[in-house]
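Asks: Handing you a structure now.
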Amino acid sequence: MKLFKQVLIAVFILTASVYFGAAFLPAEMKVGRYIELQVPAERVFEQISNLQNWNRWSPWTTNDPGIQITYGAEVTGIGASYSWSGKGSGKGKMQIVDWKKNQLVQSEVEFADHGKSIFTWTLEPGTHRDSVKVTWQVSTHARFPNLHLRYLGLMMEPIFGPWLEQGLQNLAKHLKA
């Protein structure tokens, strides 16, 4: 019985330490990538603002050929949405929550097992004539009582960074074709 109490106390202390330690990690977690493309912003915006176009370049659809996508009533503009289910990509849904023509597309993405994130696309003039700087960023917040999710912030760069890079490269190839 004494050993059981000691193990129980040790588990409690370890759990409390992990949870308490998370309180000192940032609540907001972000990772982003950008690329400069020699195409008009309108062409990029057409691809990122119409959800039906995503299957042509999205890293998740190109890496999970069996993915099942169901589109909402709207596929472009605020309120446009789709949900997905796939062996490699899991389950989730996405809805466009902000949209500024040729400048911004912001979506709320809900991963079935990992909560909500915000995916933000911004388009800015590039450094060369007729070019556009395309930035794709993922951000999320971990608030009380889910402080343990702040540890995810330590892994966001290696998890999401390569996916964002691949998506931007796929988009560039698609626009050049």
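Scheme for the structure tokens: letters A, B, ... for chains in order shown; per-chain residue numbers from 1; ligand numbers from 1 in order shown.
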Neighbours of stretch 121-132 of chain A within 12 Å (only C-alpha atoms; same-chain residues fewer than 4 positions away dropped), as a count of residues only?
Replies: 39
Asks: Hey, what's within 12 Å of stretch 54-71 of chain A if we count only C-alpha atoms and toss same-chain stuff fewer than 2 positions away? As an MDAnalysis selection string, please?
Replies: chainID A and resid 44:52 73:76 79:95 136 160:175 177
Asks: Atoms to include: N, CA and C atoms. Write the selected residues as a compact mmCIF listing (two decimals), in the first residue's frame.
Replies:
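Here's the written file part_21.txt:
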# COMPACT_ATOMS: atom_id res chain seq x y z
N VAL A 44 -2.90 34.12 -58.14
CA VAL A 44 -2.66 33.43 -56.87
C VAL A 44 -3.95 33.43 -56.06
N PHE A 45 -4.59 34.58 -55.98
CA PHE A 45 -5.81 34.71 -55.18
C PHE A 45 -6.88 33.74 -55.67
N GLU A 46 -6.98 33.56 -56.97
CA GLU A 46 -7.95 32.63 -57.55
C GLU A 46 -7.72 31.20 -57.02
N GLN A 47 -6.46 30.84 -56.86
CA GLN A 47 -6.14 29.49 -56.38
C GLN A 47 -6.39 29.33 -54.87
N ILE A 48 -6.04 30.32 -54.08
CA ILE A 48 -6.15 30.16 -52.63
C ILE A 48 -7.53 30.50 -52.09
N SER A 49 -8.32 31.27 -52.83
CA SER A 49 -9.63 31.68 -52.33
C SER A 49 -10.76 30.75 -52.75
N ASN A 50 -10.53 29.90 -53.73
CA ASN A 50 -11.54 28.94 -54.17
C ASN A 50 -11.11 27.56 -53.65
N LEU A 51 -11.85 27.03 -52.69
CA LEU A 51 -11.45 25.79 -52.03
C LEU A 51 -11.39 24.61 -52.99
N GLN A 52 -12.13 24.64 -54.07
CA GLN A 52 -12.07 23.55 -55.04
C GLN A 52 -10.74 23.51 -55.78
N ALA A 73 -21.78 24.60 -49.05
CA ALA A 73 -22.63 25.27 -50.04
C ALA A 73 -21.85 26.32 -50.81
N GLU A 74 -20.89 26.97 -50.17
CA GLU A 74 -20.06 27.98 -50.82
C GLU A 74 -18.63 27.45 -50.88
N VAL A 75 -17.92 27.73 -51.99
CA VAL A 75 -16.53 27.29 -52.12
C VAL A 75 -15.57 28.47 -52.23
N THR A 76 -16.09 29.68 -52.26
CA THR A 76 -15.23 30.86 -52.30
C THR A 76 -15.86 31.97 -51.47
N GLY A 79 -17.33 32.26 -45.46
CA GLY A 79 -18.32 31.20 -45.27
C GLY A 79 -18.06 29.97 -46.11
N ALA A 80 -17.19 30.07 -47.10
CA ALA A 80 -16.85 28.89 -47.90
C ALA A 80 -16.22 27.85 -46.98
N SER A 81 -16.52 26.57 -47.25
CA SER A 81 -16.02 25.54 -46.34
C SER A 81 -15.87 24.20 -47.05
N TYR A 82 -15.09 23.36 -46.41
CA TYR A 82 -15.03 21.96 -46.79
C TYR A 82 -14.57 21.16 -45.60
N SER A 83 -14.85 19.87 -45.66
CA SER A 83 -14.37 18.93 -44.64
C SER A 83 -13.61 17.83 -45.36
N TRP A 84 -12.75 17.15 -44.63
CA TRP A 84 -11.96 16.10 -45.24
C TRP A 84 -11.82 14.92 -44.28
N SER A 85 -11.50 13.79 -44.88
CA SER A 85 -11.21 12.58 -44.14
C SER A 85 -10.26 11.76 -44.99
N GLY A 86 -9.15 11.38 -44.39
CA GLY A 86 -8.17 10.60 -45.13
C GLY A 86 -7.30 9.79 -44.20
N LYS A 87 -6.74 8.74 -44.74
CA LYS A 87 -5.89 7.86 -43.94
C LYS A 87 -4.66 8.62 -43.42
N GLY A 88 -4.02 9.39 -44.28
CA GLY A 88 -2.82 10.12 -43.88
C GLY A 88 -3.09 11.49 -43.31
N SER A 89 -4.21 12.08 -43.67
CA SER A 89 -4.49 13.47 -43.26
C SER A 89 -5.49 13.57 -42.12
N GLY A 90 -6.06 12.46 -41.69
CA GLY A 90 -7.02 12.49 -40.59
C GLY A 90 -8.33 13.13 -41.02
N LYS A 91 -9.04 13.68 -40.04
CA LYS A 91 -10.33 14.32 -40.29
C LYS A 91 -10.28 15.77 -39.84
N GLY A 92 -11.07 16.60 -40.52
CA GLY A 92 -11.14 17.99 -40.12
C GLY A 92 -12.06 18.78 -41.02
N LYS A 93 -12.12 20.08 -40.73
CA LYS A 93 -12.93 20.97 -41.55
C LYS A 93 -12.28 22.34 -41.58
N MET A 94 -12.58 23.07 -42.65
CA MET A 94 -12.01 24.39 -42.83
C MET A 94 -13.10 25.33 -43.33
N GLN A 95 -13.07 26.56 -42.82
CA GLN A 95 -14.03 27.57 -43.25
C GLN A 95 -13.32 28.91 -43.38
N TRP A 136 2.07 32.09 -46.26
CA TRP A 136 1.09 31.15 -45.70
C TRP A 136 1.52 30.89 -44.27
N PHE A 160 4.69 21.78 -39.16
CA PHE A 160 3.99 22.54 -40.20
C PHE A 160 4.90 23.18 -41.24
N GLY A 161 6.12 23.56 -40.85
CA GLY A 161 7.01 24.24 -41.78
C GLY A 161 7.18 23.52 -43.10
N PRO A 162 7.55 22.24 -43.09
CA PRO A 162 7.72 21.51 -44.35
C PRO A 162 6.42 21.40 -45.16
N TRP A 163 5.28 21.28 -44.50
CA TRP A 163 4.00 21.22 -45.22
C TRP A 163 3.72 22.54 -45.92
N LEU A 164 3.97 23.64 -45.23
CA LEU A 164 3.74 24.95 -45.84
C LEU A 164 4.68 25.17 -47.02
N GLU A 165 5.94 24.79 -46.85
CA GLU A 165 6.90 24.92 -47.95
C GLU A 165 6.45 24.11 -49.16
N GLN A 166 6.04 22.87 -48.91
CA GLN A 166 5.61 22.02 -50.02
C GLN A 166 4.38 22.61 -50.70
N GLY A 167 3.44 23.12 -49.93
CA GLY A 167 2.24 23.73 -50.51
C GLY A 167 2.57 24.93 -51.38
N LEU A 168 3.48 25.78 -50.92
CA LEU A 168 3.87 26.94 -51.71
C LEU A 168 4.60 26.53 -52.98
N GLN A 169 5.46 25.51 -52.88
CA GLN A 169 6.14 25.03 -54.08
C GLN A 169 5.15 24.40 -55.06
N ASN A 170 4.20 23.62 -54.55
CA ASN A 170 3.17 23.03 -55.41
C ASN A 170 2.36 24.12 -56.10
N LEU A 171 2.00 25.17 -55.34
CA LEU A 171 1.24 26.29 -55.90
C LEU A 171 2.04 26.97 -57.01
N ALA A 172 3.33 27.20 -56.78
CA ALA A 172 4.18 27.83 -57.79
C ALA A 172 4.23 26.99 -59.06
N LYS A 173 4.40 25.68 -58.93
CA LYS A 173 4.44 24.79 -60.10
C LYS A 173 3.11 24.82 -60.84
N HIS A 174 2.03 24.79 -60.09
CA HIS A 174 0.70 24.82 -60.72
C HIS A 174 0.47 26.12 -61.49
N LEU A 175 0.90 27.22 -60.94
CA LEU A 175 0.70 28.52 -61.61
C LEU A 175 1.61 28.68 -62.84
N ALA A 177 2.37 26.17 -64.83
CA ALA A 177 1.92 25.20 -65.86
C ALA A 177 0.96 25.83 -66.84
Asks: Between atom CA of A:Phe119 and atom CA of A:Met29, measure the distance and give it in Å to one decimal.
Replies: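 Separation of atom CA of A:Phe119 and atom CA of A:Met29: 12.0 Å.
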Asks: From chain A, collect each residue whose DSSP state is helix (DSSP H, G or I) and return the set as number ranges by chain.
Replies: A: 2-22, 41-49, 51-56, 59-63, 147-154, 156-176
Asks: As an NGL selection string, please: every residue in chain A that DSSP puts in strand (DSSP E or B).
Replies: :A and (28-37 or 50 or 68-71 or 76 or 81-86 or 90-100 or 104-111 or 115-125 or 132-141)
Asks: As an exercise, work out the distance from atom CA of A:Val134 to atom CA of A:Val109 in Å and give it to one decimal place.
Replies: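 Those two atoms sit 19.3 Å apart.
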